[in-house]
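Below is upload.txt, which holds compact mmCIF, C-alpha atoms.
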# COMPACT_ATOMS: atom_id res chain seq x y z
CA MET A 210 22.56 1.95 5.60
CA ASP A 211 20.84 5.14 6.74
CA LYS A 212 17.88 3.96 8.81
CA LYS A 213 16.50 7.44 9.48
CA MET A 214 12.93 7.96 8.33
CA ASN A 215 10.63 10.95 8.37
CA LEU A 216 7.38 9.98 10.08
CA TYR A 217 4.18 11.19 11.72
CA MET A 218 2.66 9.63 14.85
CA ALA A 219 -0.68 10.09 16.59
CA GLY A 220 -2.90 8.28 19.07
CA ARG A 221 -2.41 5.54 21.62
CA GLY A 222 -2.91 1.81 21.74
CA GLN A 223 -1.85 -1.02 19.49
CA PRO A 224 0.82 0.18 17.01
CA LEU A 225 -0.53 0.51 13.46
CA ILE A 226 2.06 1.37 10.80
CA LEU A 227 0.81 2.76 7.46
CA LEU A 228 2.89 2.55 4.27
CA HIS A 229 1.85 4.69 1.29
CA SER A 230 1.75 3.82 -2.40
CA LEU A 231 4.26 4.57 -5.14
CA LEU A 232 2.14 7.19 -6.89
CA SER A 233 1.30 9.08 -3.73
CA ASP A 234 2.70 9.96 -0.30
CA SER A 235 1.76 9.72 3.37
CA GLY A 236 -1.03 12.25 2.74
CA SER A 237 -3.03 9.45 1.15
CA PHE A 238 -3.98 8.40 4.71
CA ASP A 239 -5.31 11.80 5.76
CA ARG A 240 -8.97 10.78 5.52
CA ILE A 241 -8.58 7.80 7.86
CA MET A 242 -6.02 9.22 10.29
CA PRO A 243 -8.45 10.91 12.75
CA ALA A 244 -10.54 7.77 13.22
CA LEU A 245 -7.53 5.47 13.48
CA ALA A 246 -5.66 7.73 15.91
CA ALA A 247 -8.68 7.55 18.24
CA ARG A 248 -8.22 3.77 18.45
CA TYR A 249 -4.58 2.96 17.73
CA ARG A 250 -1.05 4.35 17.91
CA VAL A 251 -0.67 5.27 14.26
CA ILE A 252 2.80 5.61 12.73
CA VAL A 253 3.02 6.94 9.17
CA PRO A 254 6.52 7.09 7.67
CA ASP A 255 7.64 8.49 4.35
CA LEU A 256 8.97 5.44 2.55
CA PRO A 257 12.71 5.55 1.74
CA GLY A 258 13.30 8.07 -1.03
CA PHE A 259 9.95 9.79 -0.48
CA GLY A 260 9.30 13.01 1.41
CA GLY A 261 11.92 13.51 4.09
CA SER A 262 13.23 9.93 4.19
CA PRO A 263 16.64 9.19 2.62
CA ALA A 264 16.56 6.77 -0.30
CA SER A 265 17.66 3.16 0.09
CA SER A 266 20.95 2.21 -1.50
CA GLY A 267 20.37 -1.53 -1.19
CA GLY A 268 17.17 -1.90 -3.17
CA PHE A 269 13.82 -3.39 -2.18
CA ASP A 270 15.17 -5.69 0.54
CA GLU A 271 16.82 -2.75 2.29
CA THR A 272 13.55 -0.81 2.13
CA ALA A 273 11.82 -3.68 3.93
CA ASP A 274 14.65 -3.88 6.45
CA ARG A 275 14.29 -0.17 7.21
CA ILE A 276 10.60 -0.68 7.93
CA ALA A 277 11.61 -3.54 10.23
CA SER A 278 14.01 -1.19 12.04
CA LEU A 279 11.18 1.29 12.45
CA ILE A 280 8.97 -1.41 13.97
CA GLU A 281 11.76 -2.48 16.32
CA ALA A 282 12.14 1.11 17.48
CA PHE A 283 8.47 1.78 18.20
CA ALA A 284 6.87 -1.64 18.65
CA PRO A 285 9.50 -4.24 19.58
CA ASP A 286 7.06 -6.63 21.28
CA GLY A 287 5.62 -8.08 18.07
CA GLU A 288 2.20 -6.43 18.47
CA ALA A 289 2.50 -4.10 15.47
CA VAL A 290 0.00 -4.20 12.65
CA LEU A 291 1.55 -3.35 9.29
CA LEU A 292 -0.70 -1.83 6.63
CA GLY A 293 0.40 -0.97 3.11
CA ASN A 294 -1.27 0.45 0.03
CA GLY A 295 0.09 -0.25 -3.46
CA PHE A 296 3.89 -0.12 -3.41
CA GLY A 297 3.65 0.19 0.37
CA ALA A 298 1.70 -3.08 0.47
CA PHE A 299 4.47 -4.87 -1.43
CA VAL A 300 6.96 -3.40 1.03
CA ALA A 301 4.76 -4.56 3.92
CA LEU A 302 4.57 -8.08 2.47
CA GLN A 303 8.34 -8.23 1.99
CA THR A 304 8.84 -6.98 5.55
CA ALA A 305 6.58 -9.75 6.84
CA ILE A 306 8.53 -12.30 4.79
CA ARG A 307 11.91 -11.14 6.08
CA HIS A 308 10.93 -10.21 9.66
CA PRO A 309 7.82 -12.24 10.63
CA ALA A 310 8.34 -12.02 14.39
CA LEU A 311 7.91 -8.23 14.37
CA ILE A 312 4.36 -8.24 12.99
CA SER A 313 1.12 -9.48 14.55
CA ARG A 314 -1.19 -8.81 11.60
CA LEU A 315 -0.92 -7.59 8.04
CA VAL A 316 -3.24 -5.45 5.90
CA LEU A 317 -2.52 -5.28 2.16
CA MET A 318 -4.49 -2.86 -0.02
CA GLY A 319 -3.98 -2.91 -3.78
CA CYS A 320 -1.43 -5.69 -3.71
CA GLY A 321 -0.49 -9.07 -5.15
CA ALA A 322 2.33 -11.57 -5.19
CA ARG A 323 3.42 -10.50 -8.67
CA PHE A 324 2.23 -8.52 -11.68
CA SER A 325 1.03 -9.93 -14.96
CA ASP A 326 3.14 -9.42 -18.08
CA GLU A 327 0.83 -6.53 -18.98
CA GLY A 328 1.29 -4.98 -15.54
CA ARG A 329 5.06 -5.34 -15.72
CA GLU A 330 5.12 -3.66 -19.10
CA ALA A 331 3.02 -0.76 -17.76
CA PHE A 332 5.68 -0.05 -15.12
CA ARG A 333 8.46 -0.21 -17.70
CA LYS A 334 6.62 2.25 -19.93
CA MET A 335 5.96 4.67 -17.06
CA ALA A 336 9.62 4.55 -16.02
CA ALA A 337 10.77 5.18 -19.59
CA ALA A 338 8.34 8.07 -20.06
CA ALA A 339 9.29 9.64 -16.70
CA SER A 340 12.98 9.27 -17.48
CA ALA A 341 12.55 11.00 -20.83
CA GLY A 342 10.03 13.71 -19.97
CA GLY A 343 9.83 13.96 -16.20
CA LEU A 344 6.94 13.05 -13.94
CA ALA A 345 4.68 15.63 -15.57
CA ALA A 346 4.72 13.46 -18.69
CA ILE A 347 2.88 10.66 -16.87
CA ALA A 348 0.87 12.61 -14.29
CA GLU A 349 -2.42 11.94 -16.07
CA THR A 350 -1.62 8.24 -16.38
CA ALA A 351 -0.71 8.10 -12.71
CA MET A 352 -3.96 9.73 -11.57
CA ASN A 353 -5.99 7.37 -13.74
CA ARG A 354 -4.23 4.39 -12.17
CA LEU A 355 -4.98 5.70 -8.69
CA PHE A 356 -8.54 6.96 -8.98
CA ALA A 357 -11.74 6.05 -10.79
CA VAL A 358 -12.92 8.67 -13.30
CA GLU A 359 -16.10 9.44 -11.35
CA PHE A 360 -14.10 10.03 -8.18
CA GLN A 361 -11.74 12.40 -9.99
CA GLU A 362 -14.62 14.41 -11.37
CA SER A 363 -16.37 14.74 -7.99
CA HIS A 364 -13.23 15.57 -5.97
CA PRO A 365 -11.31 18.22 -7.95
CA ASP A 366 -9.53 19.76 -4.95
CA LEU A 367 -8.32 16.40 -3.69
CA MET A 368 -7.16 15.48 -7.18
CA GLN A 369 -5.15 18.67 -7.45
CA ASP A 370 -3.52 17.90 -4.12
CA ARG A 371 -2.68 14.33 -5.16
CA ARG A 372 -1.32 15.45 -8.52
CA GLN A 373 1.00 17.93 -6.80
CA ALA A 374 2.12 15.24 -4.35
CA PHE A 375 3.00 12.99 -7.27
CA LEU A 376 4.96 15.73 -9.03
CA ARG A 377 7.04 16.35 -5.89
CA MET A 378 8.41 12.81 -6.04
CA ASN A 379 12.05 12.16 -6.87
CA PRO A 380 11.96 10.91 -10.50
CA SER A 381 14.92 8.57 -10.02
CA VAL A 382 13.28 6.97 -6.97
CA PHE A 383 10.08 6.57 -8.95
CA CYS A 384 11.86 4.91 -11.89
CA GLU A 385 13.77 2.57 -9.59
CA ALA A 386 10.55 1.55 -7.85
CA CYS A 387 8.89 0.92 -11.23
CA ASP A 388 11.79 -1.33 -12.21
CA THR A 389 11.47 -3.18 -8.90
CA LEU A 390 7.75 -3.82 -9.33
CA ALA A 391 8.24 -4.87 -12.95
CA SER A 392 10.45 -7.75 -11.84
CA LEU A 393 9.15 -8.51 -8.34
CA ASP A 394 7.74 -11.98 -7.67
CA LEU A 395 6.85 -12.91 -4.08
CA SER A 396 4.72 -15.91 -5.02
CA ALA A 397 6.88 -18.53 -3.32
CA GLU A 398 7.80 -16.48 -0.26
CA ALA A 399 4.19 -15.45 0.48
CA SER A 400 3.32 -18.97 1.61
CA ALA A 401 5.68 -18.51 4.58
CA VAL A 402 3.76 -15.52 5.99
CA HIS A 403 1.82 -17.16 8.83
CA ARG A 404 0.18 -14.00 10.11
CA PRO A 405 -3.52 -13.11 9.86
CA THR A 406 -3.77 -10.97 6.73
CA LEU A 407 -6.55 -8.82 5.34
CA VAL A 408 -6.33 -8.15 1.61
CA ILE A 409 -8.41 -5.19 0.38
CA VAL A 410 -8.94 -4.31 -3.27
CA GLY A 411 -11.21 -1.94 -5.15
CA ASP A 412 -13.23 -3.48 -7.96
CA GLU A 413 -12.16 -0.55 -10.18
CA ASP A 414 -8.45 -0.86 -9.34
CA ARG A 415 -6.56 -0.77 -12.64
CA ALA A 416 -3.10 -0.83 -11.09
CA THR A 417 -3.51 -4.00 -9.01
CA PRO A 418 -6.76 -5.57 -10.25
CA LEU A 419 -8.90 -8.11 -8.44
CA PRO A 420 -7.28 -11.24 -9.98
CA MET A 421 -3.99 -10.22 -8.37
CA ALA A 422 -5.64 -9.96 -4.96
CA ARG A 423 -7.35 -13.32 -5.38
CA GLU A 424 -4.08 -15.01 -6.30
CA LEU A 425 -2.35 -13.45 -3.30
CA VAL A 426 -5.06 -14.65 -0.91
CA GLN A 427 -4.68 -18.17 -2.29
CA ARG A 428 -0.95 -18.13 -1.55
CA LEU A 429 -1.10 -16.66 1.96
CA PRO A 430 -1.79 -19.27 4.68
CA ASP A 431 -4.17 -17.09 6.73
CA ALA A 432 -5.73 -14.43 4.53
CA THR A 433 -9.17 -13.01 3.86
CA LEU A 434 -10.31 -10.81 1.00
CA SER A 435 -12.55 -7.76 0.96
CA VAL A 436 -13.58 -6.08 -2.29
CA LEU A 437 -14.73 -2.44 -2.20
CA LYS A 438 -17.28 -1.64 -4.88
CA GLY A 439 -16.72 1.53 -6.90
CA CYS A 440 -13.21 1.97 -5.47
CA ALA A 441 -9.90 2.11 -7.33
CA HIS A 442 -6.30 1.92 -6.06
CA VAL A 443 -6.35 4.19 -2.96
CA PRO A 444 -9.12 2.97 -0.61
CA PRO A 445 -8.03 5.22 2.31
CA LEU A 446 -8.94 8.28 0.21
CA GLN A 447 -11.81 6.82 -1.81
CA ALA A 448 -13.59 4.73 0.82
CA PRO A 449 -12.31 5.92 4.23
CA GLU A 450 -15.32 4.83 6.29
CA GLU A 451 -15.29 1.35 4.79
CA VAL A 452 -11.55 0.99 5.36
CA VAL A 453 -11.79 2.03 9.02
CA SER A 454 -14.71 -0.36 9.56
CA LEU A 455 -12.82 -3.27 7.98
CA LEU A 456 -9.75 -2.53 10.06
CA ASP A 457 -11.77 -2.42 13.28
CA GLN A 458 -13.39 -5.76 12.42
CA PHE A 459 -10.11 -7.36 11.46
CA LEU A 460 -8.18 -6.17 14.49
CA SER A 461 -10.90 -7.02 17.00
CA ALA A 462 -12.10 -10.37 15.65
CA THR A 463 -10.40 -13.74 15.44
CA ALA A 464 -11.69 -14.25 11.91
CA LEU A 465 -13.12 -12.09 9.13
CA PRO A 466 -15.30 -13.59 6.40
CA CYS A 467 -14.29 -13.18 2.79
CA ILE A 468 -16.40 -10.37 1.32
CA LEU A 469 -16.95 -10.50 -2.42
CA PRO A 470 -19.61 -8.51 -4.32
CA GLN A 471 -21.76 -10.61 -6.62
CA ALA A 472 -21.27 -8.18 -9.49
CA VAL A 473 -17.53 -8.83 -9.73
CA PRO A 474 -16.70 -11.69 -12.13
CA ALA A 475 -14.16 -14.31 -11.23
CA GLY A 476 -10.63 -13.44 -12.30

Would you write out, as structure tokens, the structure that this file holds?
Amino acid sequence: MDKKMNLYMAGRGQPLILLHSLLSDSGSFDRIMPALAARYRVIVPDLPGFGGSPASSGGFDETADRIASLIEAFAPDGEAVLLGNGFGAFVALQTAIRHPALISRLVLMGCGARFSDEGREAFRKMAAAASAGGLAAIAETAMNRLFAVEFQESHPDLMQDRRQAFLRMNPSVFCEACDTLASLDLSAEASAVHRPTLVIVGDEDRATPLPMARELVQRLPDATLSVLKGCAHVPPLQAPEEVVSLLDQFLSATALPCILPQAVPAG
């Protein structure tokens, strides 16, 4: 397999690897990069098939293995922290399942062990629509899955940038990833991830809603949950200060309390 990956690095200190979501690109970390680079050695790759990184030919497992190869190249001592958002969080979880010795801690934003039947069907519909009419046919749907309506209205320039990033994606890579997520089930394997894990979810996340995060936390042996009020699927863009604060707490403390807003009903 071609292990080459396009990536950006900044800062010094403990290695922190950031994996972007399916409906975005590495630019989704732009609002947290300056603060993180002042504290950590931040490594931000384009996932296989995105940006300048060659696509995987061996499916989801190979994608995880390529992330493992990246960690081995830049942080072989097992001190790396792996952070993923959305699709990147599922990749991060699979990497931790397949290569646990390479990772010291795990941060999963907008993630779960599996999707509901409704969630699986949403991916199938997006893949079918993109295959028939191109990514432009689902751009509005994609933005609504990523961002709360109020955020879109108050950040028009950022939304234009994110829409253009989505439209630059390889449609075949997008459809393949949708098919992967529509069938993925890491419920059993998640129980073997014995690494401290922080699960972050926005209470307005329509793509990976709160019940998914709660189920994931229940399956992981050493996980805590933080819910961001008023946030949707991309916390690094929508709540950058809160994300950086949570990361600092998680990476500096031996334990992090579960943070749940009272207004969010049980899933």

Compile a residue-level contact table for region 335-372 of chain A against region 436-449 of chain A at a cut-off of 10 Å, reporting for every qualifying residue the shortest atom pair and its distance in Å to one decimal, with all atoms listed in the file counted, rows ordered by chain and ascending number, as CSV.
residue,atom,partner,partner_atom,distance
A:Met352,CA,A:His442,CA,9.8
A:Asn353,CA,A:Ala441,CA,9.2
A:Arg354,CA,A:His442,CA,6.9
A:Leu355,CA,A:His442,CA,4.8
A:Phe356,CA,A:Ala441,CA,5.3
A:Ala357,CA,A:Ala441,CA,5.6
A:Val358,CA,A:Ala441,CA,9.4
A:Glu359,CA,A:Gly439,CA,9.1
A:Phe360,CA,A:Gln447,CA,7.5
A:Gln361,CA,A:Gln447,CA,9.9
A:His364,CA,A:Gln447,CA,9.8
A:Leu367,CA,A:Leu446,CA,9.0

Dump C-alpha atoms for the selected residues as a PDB file, keeping the file's coordinate frame?
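That gives us result.pdb:
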ATOM      1  CA  MET A 352      -3.960   9.730 -11.570  1.00  0.00           C
ATOM      2  CA  ASN A 353      -5.990   7.370 -13.740  1.00  0.00           C
ATOM      3  CA  ARG A 354      -4.230   4.390 -12.170  1.00  0.00           C
ATOM      4  CA  LEU A 355      -4.980   5.700  -8.690  1.00  0.00           C
ATOM      5  CA  PHE A 356      -8.540   6.960  -8.980  1.00  0.00           C
ATOM      6  CA  ALA A 357     -11.740   6.050 -10.790  1.00  0.00           C
ATOM      7  CA  VAL A 358     -12.920   8.670 -13.300  1.00  0.00           C
ATOM      8  CA  GLU A 359     -16.100   9.440 -11.350  1.00  0.00           C
ATOM      9  CA  PHE A 360     -14.100  10.030  -8.180  1.00  0.00           C
ATOM     10  CA  GLN A 361     -11.740  12.400  -9.990  1.00  0.00           C
ATOM     11  CA  HIS A 364     -13.230  15.570  -5.970  1.00  0.00           C
ATOM     12  CA  LEU A 367      -8.320  16.400  -3.690  1.00  0.00           C
TER      13      LEU A 367
END

List the neighbours of region 375-388 of chain A out to 7 Å using all atoms listed in the file; skip same-chain residues closer than 3 positions along the sequence, and give me the result as a VMD selection string. chain A and resid 232 to 233 258 to 259 332 to 333 336 339 343 to 345 371 to 372 391 to 392

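Pairwise distance (CA of Ser262 (chain A), CA of Val452 (chain A)) equals 26.4 Å.
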
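The closest residue to Ile312 (chain A), picked from A:Gly293, A:Gly236, A:Pro365, A:Gly287 and counting all atoms listed in the file, is A:Gly287.
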
Closest of A:Ala374, A:Met214, A:Ala282, A:Ala219 to Ala264 (chain A), counting only C-alpha atoms, is A:Met214

Residue neighbourhood region 220-229 of chain A, 10 Å, all atoms listed in the file, exclusion window fewer than 4 positions, as number ranges by chain: A: 233-238, 242-256, 259, 276, 279-280, 283-284, 287-301, 312-318, 443, 445, 460

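Computed from the coordinates, the CA of Pro405 (chain A) to CA of Arg275 (chain A) distance equals 22.2 Å.
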
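CA of Ser278 (chain A) is positioned 9.3 Å from CA of Lys213 (chain A).
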
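Compared by their closest atoms to Gly260 (chain A), and using all atoms listed in the file, the residues A:Leu216, A:Val408, A:Ala348, A:Ala341 rank with A:Leu216 nearest.
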
Write region 428-439 of chain A as a PDB file, keeping the file's coordinate frame, completed to all heavy atoms.
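For reference, out30.pdb as written:
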ATOM      1  N   ARG A 428      -2.318 -17.758  -1.926  1.00  0.00           N
ATOM      2  CA  ARG A 428      -0.950 -18.130  -1.550  1.00  0.00           C
ATOM      3  C   ARG A 428      -0.644 -17.893  -0.080  1.00  0.00           C
ATOM      4  O   ARG A 428       0.218 -18.567   0.489  1.00  0.00           O
ATOM      5  CB  ARG A 428       0.051 -17.351  -2.419  1.00  0.00           C
ATOM      6  CG  ARG A 428      -0.002 -17.748  -3.892  1.00  0.00           C
ATOM      7  CD  ARG A 428       1.033 -17.021  -4.714  1.00  0.00           C
ATOM      8  NE  ARG A 428       0.976 -17.414  -6.118  1.00  0.00           N
ATOM      9  CZ  ARG A 428       1.531 -18.502  -6.624  1.00  0.00           C
ATOM     10  NH1 ARG A 428       2.213 -19.315  -5.836  1.00  0.00           N
ATOM     11  NH2 ARG A 428       1.421 -18.790  -7.914  1.00  0.00           N
ATOM     12  N   LEU A 429      -1.338 -16.950   0.546  1.00  0.00           N
ATOM     13  CA  LEU A 429      -1.100 -16.660   1.960  1.00  0.00           C
ATOM     14  C   LEU A 429      -1.825 -17.688   2.829  1.00  0.00           C
ATOM     15  O   LEU A 429      -2.988 -18.005   2.578  1.00  0.00           O
ATOM     16  CB  LEU A 429      -1.586 -15.255   2.297  1.00  0.00           C
ATOM     17  CG  LEU A 429      -0.781 -14.099   1.688  1.00  0.00           C
ATOM     18  CD1 LEU A 429      -1.559 -12.798   1.808  1.00  0.00           C
ATOM     19  CD2 LEU A 429       0.591 -13.974   2.349  1.00  0.00           C
ATOM     20  N   PRO A 430      -1.181 -18.214   3.861  1.00  0.00           N
ATOM     21  CA  PRO A 430      -1.790 -19.270   4.680  1.00  0.00           C
ATOM     22  C   PRO A 430      -3.021 -18.834   5.469  1.00  0.00           C
ATOM     23  O   PRO A 430      -3.895 -19.647   5.748  1.00  0.00           O
ATOM     24  CB  PRO A 430      -0.652 -19.680   5.631  1.00  0.00           C
ATOM     25  CG  PRO A 430       0.599 -19.251   4.949  1.00  0.00           C
ATOM     26  CD  PRO A 430       0.231 -17.998   4.202  1.00  0.00           C
ATOM     27  N   ASP A 431      -3.090 -17.551   5.854  1.00  0.00           N
ATOM     28  CA  ASP A 431      -4.170 -17.090   6.730  1.00  0.00           C
ATOM     29  C   ASP A 431      -4.654 -15.726   6.272  1.00  0.00           C
ATOM     30  O   ASP A 431      -4.419 -14.716   6.926  1.00  0.00           O
ATOM     31  CB  ASP A 431      -3.672 -17.040   8.180  1.00  0.00           C
ATOM     32  CG  ASP A 431      -4.764 -16.692   9.175  1.00  0.00           C
ATOM     33  OD1 ASP A 431      -5.940 -16.634   8.772  1.00  0.00           O
ATOM     34  OD2 ASP A 431      -4.437 -16.461  10.353  1.00  0.00           O
ATOM     35  N   ALA A 432      -5.329 -15.713   5.125  1.00  0.00           N
ATOM     36  CA  ALA A 432      -5.730 -14.430   4.530  1.00  0.00           C
ATOM     37  C   ALA A 432      -7.214 -14.427   4.191  1.00  0.00           C
ATOM     38  O   ALA A 432      -7.799 -15.455   3.863  1.00  0.00           O
ATOM     39  CB  ALA A 432      -4.910 -14.148   3.273  1.00  0.00           C
ATOM     40  N   THR A 433      -7.800 -13.235   4.288  1.00  0.00           N
ATOM     41  CA  THR A 433      -9.170 -13.010   3.860  1.00  0.00           C
ATOM     42  C   THR A 433      -9.195 -11.838   2.895  1.00  0.00           C
ATOM     43  O   THR A 433      -8.306 -10.986   2.904  1.00  0.00           O
ATOM     44  CB  THR A 433     -10.087 -12.710   5.059  1.00  0.00           C
ATOM     45  OG1 THR A 433      -9.529 -11.650   5.831  1.00  0.00           O
ATOM     46  CG2 THR A 433     -10.266 -13.937   5.933  1.00  0.00           C
ATOM     47  N   LEU A 434     -10.220 -11.796   2.069  1.00  0.00           N
ATOM     48  CA  LEU A 434     -10.310 -10.810   1.000  1.00  0.00           C
ATOM     49  C   LEU A 434     -11.559  -9.967   1.151  1.00  0.00           C
ATOM     50  O   LEU A 434     -12.651 -10.493   1.395  1.00  0.00           O
ATOM     51  CB  LEU A 434     -10.322 -11.514  -0.358  1.00  0.00           C
ATOM     52  CG  LEU A 434     -10.522 -10.637  -1.605  1.00  0.00           C
ATOM     53  CD1 LEU A 434      -9.341  -9.682  -1.785  1.00  0.00           C
ATOM     54  CD2 LEU A 434     -10.699 -11.516  -2.842  1.00  0.00           C
ATOM     55  N   SER A 435     -11.414  -8.669   0.995  1.00  0.00           N
ATOM     56  CA  SER A 435     -12.550  -7.760   0.960  1.00  0.00           C
ATOM     57  C   SER A 435     -12.459  -6.900  -0.288  1.00  0.00           C
ATOM     58  O   SER A 435     -11.414  -6.296  -0.553  1.00  0.00           O
ATOM     59  CB  SER A 435     -12.566  -6.866   2.203  1.00  0.00           C
ATOM     60  OG  SER A 435     -13.667  -5.986   2.165  1.00  0.00           O
ATOM     61  N   VAL A 436     -13.530  -6.851  -1.057  1.00  0.00           N
ATOM     62  CA  VAL A 436     -13.580  -6.080  -2.290  1.00  0.00           C
ATOM     63  C   VAL A 436     -14.492  -4.865  -2.082  1.00  0.00           C
ATOM     64  O   VAL A 436     -15.640  -5.003  -1.666  1.00  0.00           O
ATOM     65  CB  VAL A 436     -14.096  -6.919  -3.471  1.00  0.00           C
ATOM     66  CG1 VAL A 436     -14.144  -6.082  -4.748  1.00  0.00           C
ATOM     67  CG2 VAL A 436     -13.221  -8.146  -3.668  1.00  0.00           C
ATOM     68  N   LEU A 437     -13.974  -3.678  -2.360  1.00  0.00           N
ATOM     69  CA  LEU A 437     -14.730  -2.440  -2.200  1.00  0.00           C
ATOM     70  C   LEU A 437     -15.320  -2.028  -3.547  1.00  0.00           C
ATOM     71  O   LEU A 437     -14.579  -1.716  -4.488  1.00  0.00           O
ATOM     72  CB  LEU A 437     -13.826  -1.339  -1.650  1.00  0.00           C
ATOM     73  CG  LEU A 437     -13.216  -1.611  -0.270  1.00  0.00           C
ATOM     74  CD1 LEU A 437     -12.292  -0.459   0.137  1.00  0.00           C
ATOM     75  CD2 LEU A 437     -14.299  -1.818   0.772  1.00  0.00           C
ATOM     76  N   LYS A 438     -16.615  -1.985  -3.631  1.00  0.00           N
ATOM     77  CA  LYS A 438     -17.280  -1.640  -4.880  1.00  0.00           C
ATOM     78  C   LYS A 438     -17.120  -0.150  -5.179  1.00  0.00           C
ATOM     79  O   LYS A 438     -17.212   0.696  -4.298  1.00  0.00           O
ATOM     80  CB  LYS A 438     -18.766  -2.008  -4.810  1.00  0.00           C
ATOM     81  CG  LYS A 438     -19.032  -3.489  -4.652  1.00  0.00           C
ATOM     82  CD  LYS A 438     -20.507  -3.809  -4.679  1.00  0.00           C
ATOM     83  CE  LYS A 438     -21.096  -3.577  -6.060  1.00  0.00           C
ATOM     84  NZ  LYS A 438     -22.516  -4.002  -6.153  1.00  0.00           N
ATOM     85  N   GLY A 439     -16.848   0.152  -6.456  1.00  0.00           N
ATOM     86  CA  GLY A 439     -16.720   1.530  -6.900  1.00  0.00           C
ATOM     87  C   GLY A 439     -15.429   2.192  -6.484  1.00  0.00           C
ATOM     88  O   GLY A 439     -15.283   3.412  -6.617  1.00  0.00           O
TER      89      GLY A 439
END
